[in-house]
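upload-v9.pdb follows (PDB, C-alpha atoms):
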ATOM      1  CA  MET D  17       0.000   0.000   0.000  1.00  0.00           C
ATOM      2  CA  LEU D  18       1.153   3.530  -0.765  1.00  0.00           C
ATOM      3  CA  ASN D  19       0.632   5.977   2.074  1.00  0.00           C
ATOM      4  CA  VAL D  20      -1.091   9.270   1.272  1.00  0.00           C
ATOM      5  CA  ARG D  21       0.332  11.822   3.696  1.00  0.00           C
ATOM      6  CA  ALA D  22      -0.891  15.145   5.097  1.00  0.00           C
ATOM      7  CA  GLY D  23       2.191  16.920   3.732  1.00  0.00           C
ATOM      8  CA  PRO D  24       5.108  16.319   1.351  1.00  0.00           C
ATOM      9  CA  SER D  25       7.154  14.415   3.922  1.00  0.00           C
ATOM     10  CA  ALA D  26       7.317  10.862   5.282  1.00  0.00           C
ATOM     11  CA  GLY D  27       7.030  12.341   8.766  1.00  0.00           C
ATOM     12  CA  THR D  28       3.484  13.684   8.329  1.00  0.00           C
ATOM     13  CA  ASP D  29       0.236  11.918   9.244  1.00  0.00           C
ATOM     14  CA  ILE D  30      -1.180   9.189   6.980  1.00  0.00           C
ATOM     15  CA  LEU D  31      -4.543  10.271   5.524  1.00  0.00           C
ATOM     16  CA  ASP D  32      -5.279   7.337   3.224  1.00  0.00           C
ATOM     17  CA  ARG D  33      -3.627   4.477   1.349  1.00  0.00           C
ATOM     18  CA  LEU D  34      -3.536   3.549  -2.334  1.00  0.00           C
ATOM     19  CA  ALA D  35      -3.532  -0.061  -3.482  1.00  0.00           C
ATOM     20  CA  PRO D  36      -0.450  -1.310  -5.383  1.00  0.00           C
ATOM     21  CA  ASP D  37      -2.512  -1.682  -8.579  1.00  0.00           C
ATOM     22  CA  GLN D  38      -4.466   1.590  -8.191  1.00  0.00           C
ATOM     23  CA  GLU D  39      -5.090   3.246 -11.556  1.00  0.00           C
ATOM     24  CA  GLY D  40      -6.322   6.752 -12.309  1.00  0.00           C
ATOM     25  CA  VAL D  41      -4.308   8.402  -9.550  1.00  0.00           C
ATOM     26  CA  GLU D  42      -4.604  12.068 -10.380  1.00  0.00           C
ATOM     27  CA  VAL D  43      -1.481  14.089  -9.539  1.00  0.00           C
ATOM     28  CA  ILE D  44      -2.716  17.645  -9.083  1.00  0.00           C
ATOM     29  CA  GLY D  45       0.593  19.291  -8.256  1.00  0.00           C
ATOM     30  CA  LEU D  46       4.188  18.622  -7.243  1.00  0.00           C
ATOM     31  CA  SER D  47       6.246  19.685  -4.245  1.00  0.00           C
ATOM     32  CA  ASP D  48       8.985  22.250  -4.920  1.00  0.00           C
ATOM     33  CA  ASP D  49      11.583  19.478  -5.224  1.00  0.00           C
ATOM     34  CA  GLY D  50       9.312  17.305  -7.428  1.00  0.00           C
ATOM     35  CA  LYS D  51       9.618  14.305  -5.121  1.00  0.00           C
ATOM     36  CA  TRP D  52       6.040  14.451  -3.804  1.00  0.00           C
ATOM     37  CA  GLY D  53       2.761  14.657  -5.697  1.00  0.00           C
ATOM     38  CA  MET D  54      -0.531  16.080  -4.441  1.00  0.00           C
ATOM     39  CA  VAL D  55      -3.375  13.603  -5.007  1.00  0.00           C
ATOM     40  CA  ALA D  56      -7.048  13.383  -4.118  1.00  0.00           C
ATOM     41  CA  VAL D  57      -8.289  11.663  -0.995  1.00  0.00           C
ATOM     42  CA  PRO D  58     -11.988  11.545  -0.136  1.00  0.00           C
ATOM     43  CA  GLY D  59     -12.976  15.118   0.700  1.00  0.00           C
ATOM     44  CA  SER D  60      -9.449  16.559   0.592  1.00  0.00           C
ATOM     45  CA  ASN D  61      -5.953  16.237  -0.855  1.00  0.00           C
ATOM     46  CA  GLY D  62      -2.820  14.471   0.332  1.00  0.00           C
ATOM     47  CA  TRP D  63       0.736  13.754  -0.790  1.00  0.00           C
ATOM     48  CA  VAL D  64       2.453  10.633  -2.150  1.00  0.00           C
ATOM     49  CA  ALA D  65       6.078   9.906  -2.957  1.00  0.00           C
ATOM     50  CA  MET D  66       6.344  10.201  -6.754  1.00  0.00           C
ATOM     51  CA  ARG D  67       8.976   7.457  -6.976  1.00  0.00           C
ATOM     52  CA  TYR D  68       6.186   4.920  -6.366  1.00  0.00           C
ATOM     53  CA  LEU D  69       3.928   6.121  -9.196  1.00  0.00           C
ATOM     54  CA  ALA D  70       4.184   5.237 -12.882  1.00  0.00           C
ATOM     55  CA  ALA D  71       2.770   7.550 -15.527  1.00  0.00           C
ATOM     56  CA  GLU D  72      -0.436   6.355 -17.145  1.00  0.00           C
ATOM     57  CA  ARG D  73      -0.832   7.350 -20.768  1.00  0.00           C
ATOM     58  CA  MET D  74      -4.185   8.851 -21.738  1.00  0.00           C
ATOM     59  CA  SER D  75      -4.973   7.557 -25.166  1.00  0.00           C
ATOM     60  CA  GLY D  76      -6.967   8.339 -28.240  1.00  0.00           C
ATOM     61  CA  ASP D  77      -9.556  10.946 -29.088  1.00  0.00           C
ATOM     62  CA  THR D  78     -11.858  10.249 -26.153  1.00  0.00           C
ATOM     63  CA  LEU D  79     -12.153  11.577 -22.626  1.00  0.00           C
ATOM     64  CA  PRO D  80     -10.601   9.421 -19.924  1.00  0.00           C
ATOM     65  CA  ARG D  81     -13.090   7.143 -18.194  1.00  0.00           C
ATOM     66  CA  PRO D  82     -14.225   6.937 -15.510  1.00  0.00           C
ATOM     67  CA  LEU D  83     -14.348  10.706 -14.992  1.00  0.00           C
ATOM     68  CA  GLN D  84     -16.620  12.528 -12.541  1.00  0.00           C
ATOM     69  CA  CYS D  85     -17.398  16.243 -12.927  1.00  0.00           C
ATOM     70  CA  TYR D  86     -19.122  18.379 -10.296  1.00  0.00           C
ATOM     71  CA  GLY D  87     -20.544  21.859 -10.116  1.00  0.00           C
ATOM     72  CA  THR D  88     -21.991  24.016  -7.386  1.00  0.00           C
ATOM     73  CA  GLU D  89     -24.586  26.776  -7.329  1.00  0.00           C
ATOM     74  CA  PRO D  90     -26.567  24.979  -8.756  1.00  0.00           C
ATOM     75  CA  PHE D  91     -25.354  21.519  -7.727  1.00  0.00           C
ATOM     76  CA  TRP D  92     -24.925  19.116 -10.640  1.00  0.00           C
ATOM     77  CA  ALA D  93     -22.708  16.242 -11.780  1.00  0.00           C
ATOM     78  CA  ILE D  94     -21.800  14.497 -15.018  1.00  0.00           C
ATOM     79  CA  THR D  95     -20.343  11.007 -14.881  1.00  0.00           C
ATOM     80  CA  PHE D  96     -18.382   9.716 -17.854  1.00  0.00           C
ATOM     81  CA  GLY D  97     -18.471   6.009 -17.114  1.00  0.00           C
ATOM     82  CA  VAL D  98     -17.247   3.014 -19.026  1.00  0.00           C
ATOM     83  CA  ASP D  99     -20.873   2.094 -19.810  1.00  0.00           C
ATOM     84  CA  GLY D 100     -22.275   5.549 -20.546  1.00  0.00           C
ATOM     85  CA  VAL D 101     -22.658   9.183 -19.573  1.00  0.00           C
ATOM     86  CA  ALA D 102     -25.206  10.606 -17.142  1.00  0.00           C
ATOM     87  CA  TYR D 103     -26.156  14.010 -15.748  1.00  0.00           C
ATOM     88  CA  SER D 104     -27.594  14.445 -12.280  1.00  0.00           C
ATOM     89  CA  ALA D 105     -28.878  17.369 -10.264  1.00  0.00           C
ATOM     90  CA  PRO D 106     -31.166  17.530  -7.247  1.00  0.00           C
ATOM     91  CA  ALA D 107     -34.303  15.563  -8.153  1.00  0.00           C
ATOM     92  CA  GLU D 108     -33.065  14.933 -11.712  1.00  0.00           C
ATOM     93  CA  GLU D 109     -31.282  12.066 -13.466  1.00  0.00           C
ATOM     94  CA  LEU D 110     -30.692  12.250 -17.202  1.00  0.00           C
ATOM     95  CA  PRO D 111     -28.844   9.774 -19.434  1.00  0.00           C
ATOM     96  CA  LEU D 112     -26.736  11.434 -22.130  1.00  0.00           C
ATOM     97  CA  SER D 113     -25.462  10.079 -25.413  1.00  0.00           C
ATOM     98  CA  VAL D 114     -22.099  11.040 -26.859  1.00  0.00           C
ATOM     99  CA  ARG D 115     -22.271  12.593 -30.337  1.00  0.00           C
ATOM    100  CA  SER D 116     -18.543  13.318 -30.628  1.00  0.00           C
ATOM    101  CA  GLU D 117     -15.317  13.588 -28.635  1.00  0.00           C
ATOM    102  CA  SER D 118     -12.014  15.188 -29.561  1.00  0.00           C
ATOM    103  CA  VAL D 119      -8.667  16.065 -28.033  1.00  0.00           C
ATOM    104  CA  LEU D 120      -7.690  19.679 -27.322  1.00  0.00           C
ATOM    105  CA  ALA D 121      -4.128  20.857 -26.641  1.00  0.00           C
ATOM    106  CA  ASP D 122      -4.840  20.886 -22.898  1.00  0.00           C
ATOM    107  CA  GLY D 123      -7.852  18.597 -22.554  1.00  0.00           C
ATOM    108  CA  TRP D 124     -10.916  17.331 -24.407  1.00  0.00           C
ATOM    109  CA  GLN D 125     -14.150  18.486 -25.974  1.00  0.00           C
ATOM    110  CA  ALA D 126     -17.343  16.491 -26.292  1.00  0.00           C
ATOM    111  CA  MET D 127     -20.781  17.036 -27.758  1.00  0.00           C
ATOM    112  CA  LEU D 128     -23.442  15.270 -25.716  1.00  0.00           C
ATOM    113  CA  ASN D 129     -27.117  14.804 -26.531  1.00  0.00           C
ATOM    114  CA  ALA D 130     -29.723  15.215 -23.803  1.00  0.00           C
ATOM    115  CA  GLY D 131     -32.748  14.191 -25.887  1.00  0.00           C
ATOM    116  CA  VAL D 132     -35.450  16.887 -25.815  1.00  0.00           C
ATOM    117  CA  ARG D 133     -33.025  19.155 -23.931  1.00  0.00           C
ATOM    118  CA  GLY D 134     -30.798  19.339 -27.000  1.00  0.00           C
ATOM    119  CA  ASP D 135     -27.054  19.092 -27.509  1.00  0.00           C
ATOM    120  CA  TRP D 136     -24.617  20.024 -24.755  1.00  0.00           C
ATOM    121  CA  ASP D 137     -21.063  21.192 -25.443  1.00  0.00           C
ATOM    122  CA  VAL D 138     -18.472  20.154 -22.846  1.00  0.00           C
ATOM    123  CA  GLU D 139     -14.863  21.336 -22.529  1.00  0.00           C
ATOM    124  CA  ILE D 140     -12.571  19.674 -19.993  1.00  0.00           C
ATOM    125  CA  ARG D 141      -9.146  21.226 -19.397  1.00  0.00           C
ATOM    126  CA  ARG D 142      -6.140  19.938 -17.447  1.00  0.00           C
ATOM    127  CA  GLY D 143      -5.133  22.103 -14.491  1.00  0.00           C
ATOM    128  CA  GLN D 144      -5.957  22.684 -10.850  1.00  0.00           C
ATOM    129  CA  CYS D 145      -9.582  23.468 -10.133  1.00  0.00           C
ATOM    130  CA  SER D 146     -11.336  24.438  -6.906  1.00  0.00           C
ATOM    131  CA  ASP D 147     -15.050  23.873  -6.416  1.00  0.00           C
ATOM    132  CA  GLY D 148     -15.170  26.871  -4.072  1.00  0.00           C
ATOM    133  CA  MET D 149     -16.877  24.889  -1.318  1.00  0.00           C
ATOM    134  CA  SER D 150     -14.380  22.292  -0.120  1.00  0.00           C
ATOM    135  CA  ASP D 151     -10.682  22.243   0.651  1.00  0.00           C
ATOM    136  CA  ARG D 152     -10.104  19.759  -2.156  1.00  0.00           C
ATOM    137  CA  LEU D 153      -8.369  20.607  -5.406  1.00  0.00           C
ATOM    138  CA  PHE D 154      -9.223  18.738  -8.601  1.00  0.00           C
ATOM    139  CA  GLY D 155      -7.057  17.982 -11.639  1.00  0.00           C
ATOM    140  CA  PHE D 156      -9.437  19.204 -14.348  1.00  0.00           C
ATOM    141  CA  SER D 157     -11.901  22.054 -14.946  1.00  0.00           C
ATOM    142  CA  MET D 158     -15.100  21.816 -16.990  1.00  0.00           C
ATOM    143  CA  LYS D 159     -17.320  24.217 -18.923  1.00  0.00           C
ATOM    144  CA  LEU D 160     -20.783  22.973 -19.875  1.00  0.00           C
ATOM    145  CA  ARG D 161     -23.062  24.770 -22.333  1.00  0.00           C
ATOM    146  CA  GLN D 162     -26.541  23.331 -22.564  1.00  0.00           C
ATOM    147  CA  GLY D 163     -28.552  23.745 -25.750  1.00  0.00           C
ATOM    148  CA  GLY D 164     -32.195  23.296 -26.636  1.00  0.00           C
ATOM    149  CA  ALA D 165     -35.366  24.741 -25.143  1.00  0.00           C
ATOM    150  CA  GLY D 166     -34.961  26.106 -21.622  1.00  0.00           C
ATOM    151  CA  ALA D 167     -31.160  26.134 -21.824  1.00  0.00           C
ATOM    152  CA  MET D 168     -29.428  27.328 -18.686  1.00  0.00           C
ATOM    153  CA  GLN D 169     -26.494  29.702 -18.426  1.00  0.00           C
ATOM    154  CA  PRO D 170     -23.158  27.965 -19.044  1.00  0.00           C
ATOM    155  CA  LEU D 171     -22.064  25.933 -16.028  1.00  0.00           C
ATOM    156  CA  SER D 172     -18.542  25.459 -14.734  1.00  0.00           C
ATOM    157  CA  GLY D 173     -17.136  22.859 -12.399  1.00  0.00           C
ATOM    158  CA  CYS D 174     -14.253  20.543 -11.562  1.00  0.00           C
ATOM    159  CA  CYS D 175     -13.527  16.984 -12.651  1.00  0.00           C
ATOM    160  CA  THR D 176     -11.571  14.084 -11.220  1.00  0.00           C
ATOM    161  CA  LEU D 177     -10.360  10.664 -12.288  1.00  0.00           C
ATOM    162  CA  ASP D 178     -10.573   9.553  -8.650  1.00  0.00           C
ATOM    163  CA  ILE D 179     -14.120   8.269  -8.165  1.00  0.00           C
ATOM    164  CA  ARG D 180     -13.483   6.297  -4.969  1.00  0.00           C
TER     165      ARG D 180
END
Rendering of file as structure tokens:
Amino acid sequence: MLNVRAGPSAGTDILDRLAPDQEGVEVIGLSDDGKWGMVAVPGSNGWVAMRYLAAERMSGDTLPRPLQCYGTEPFWAITFGVDGVAYSAPAEELPLSVRSESVLADGWQAMLNAGVRGDWDVEIRRGQCSDGMSDRLFGFSMKLRQGGAGAMQPLSGCCTLDIR
């Protein structure tokens, strides 16, 4: 098991542990010396020794999956799962179909279809993101533009590969 620590040092408290075969570990930032990486732990962030992680290559023209994106004010979520994509908000669940996906220089773009609610354009960018409500940092930001009748203002949020 790989210890996730409260700070970039082996002498700090253990917050969590990662399994030896854990995939999708999202390194959000590095310590000044590059030896420690900030990663997500449930509800917060912690630090792991980078020498124990191997880079995972993100492939192809599609978004990485699983990927969970969240927004606040209003609260919403989009889950890009292996078996499909879904939107949720308080008292609402909506399956989405993927019309197209493409790679951007610093992320991905996707066109999703929400049935009678029209097409939704999604941009996901690499880089630290704060949801403004928790102490946790995320590794990706998201912009969501909903189309169709009754379209809302564009929404923004944060995304993570860590769906534990």
Hits of the PyMOL selection byres ((chain D and resi 129-141) around 12) in this structure, as a count of residues only:
60
Residues selected by the PyMOL selection byres ((chain D and resi 21) around 7), written as an NGL selection string
:D and (19-20 or 22-24 or 28-31 or 62-64)
Can you work out which one of D:Ala105, D:Ala71, D:Leu46, D:Ile179 has the shortest atom-to-atom distance to Pro58 of chain D, counting only C-alpha atoms?
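Looking at the shortest contact to Pro58 of chain D, the residue is D:Ile179.
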Return as AutoDock Vina command-line options the box centre and box size in Å, one decimal, for an axis-aligned box around all listed atoms of segment 120-137 of chain D padded by 5 Å per side.
--center_x -19.8 --center_y 17.7 --center_z -25.2 --size_x 41.3 --size_y 17.0 --size_z 15.2
Which residue is closest to Glu89 of chain D? Choose from D:Met54, D:Ala70, D:Ile44, D:Met149 and count all atoms listed in the file.
D:Met149
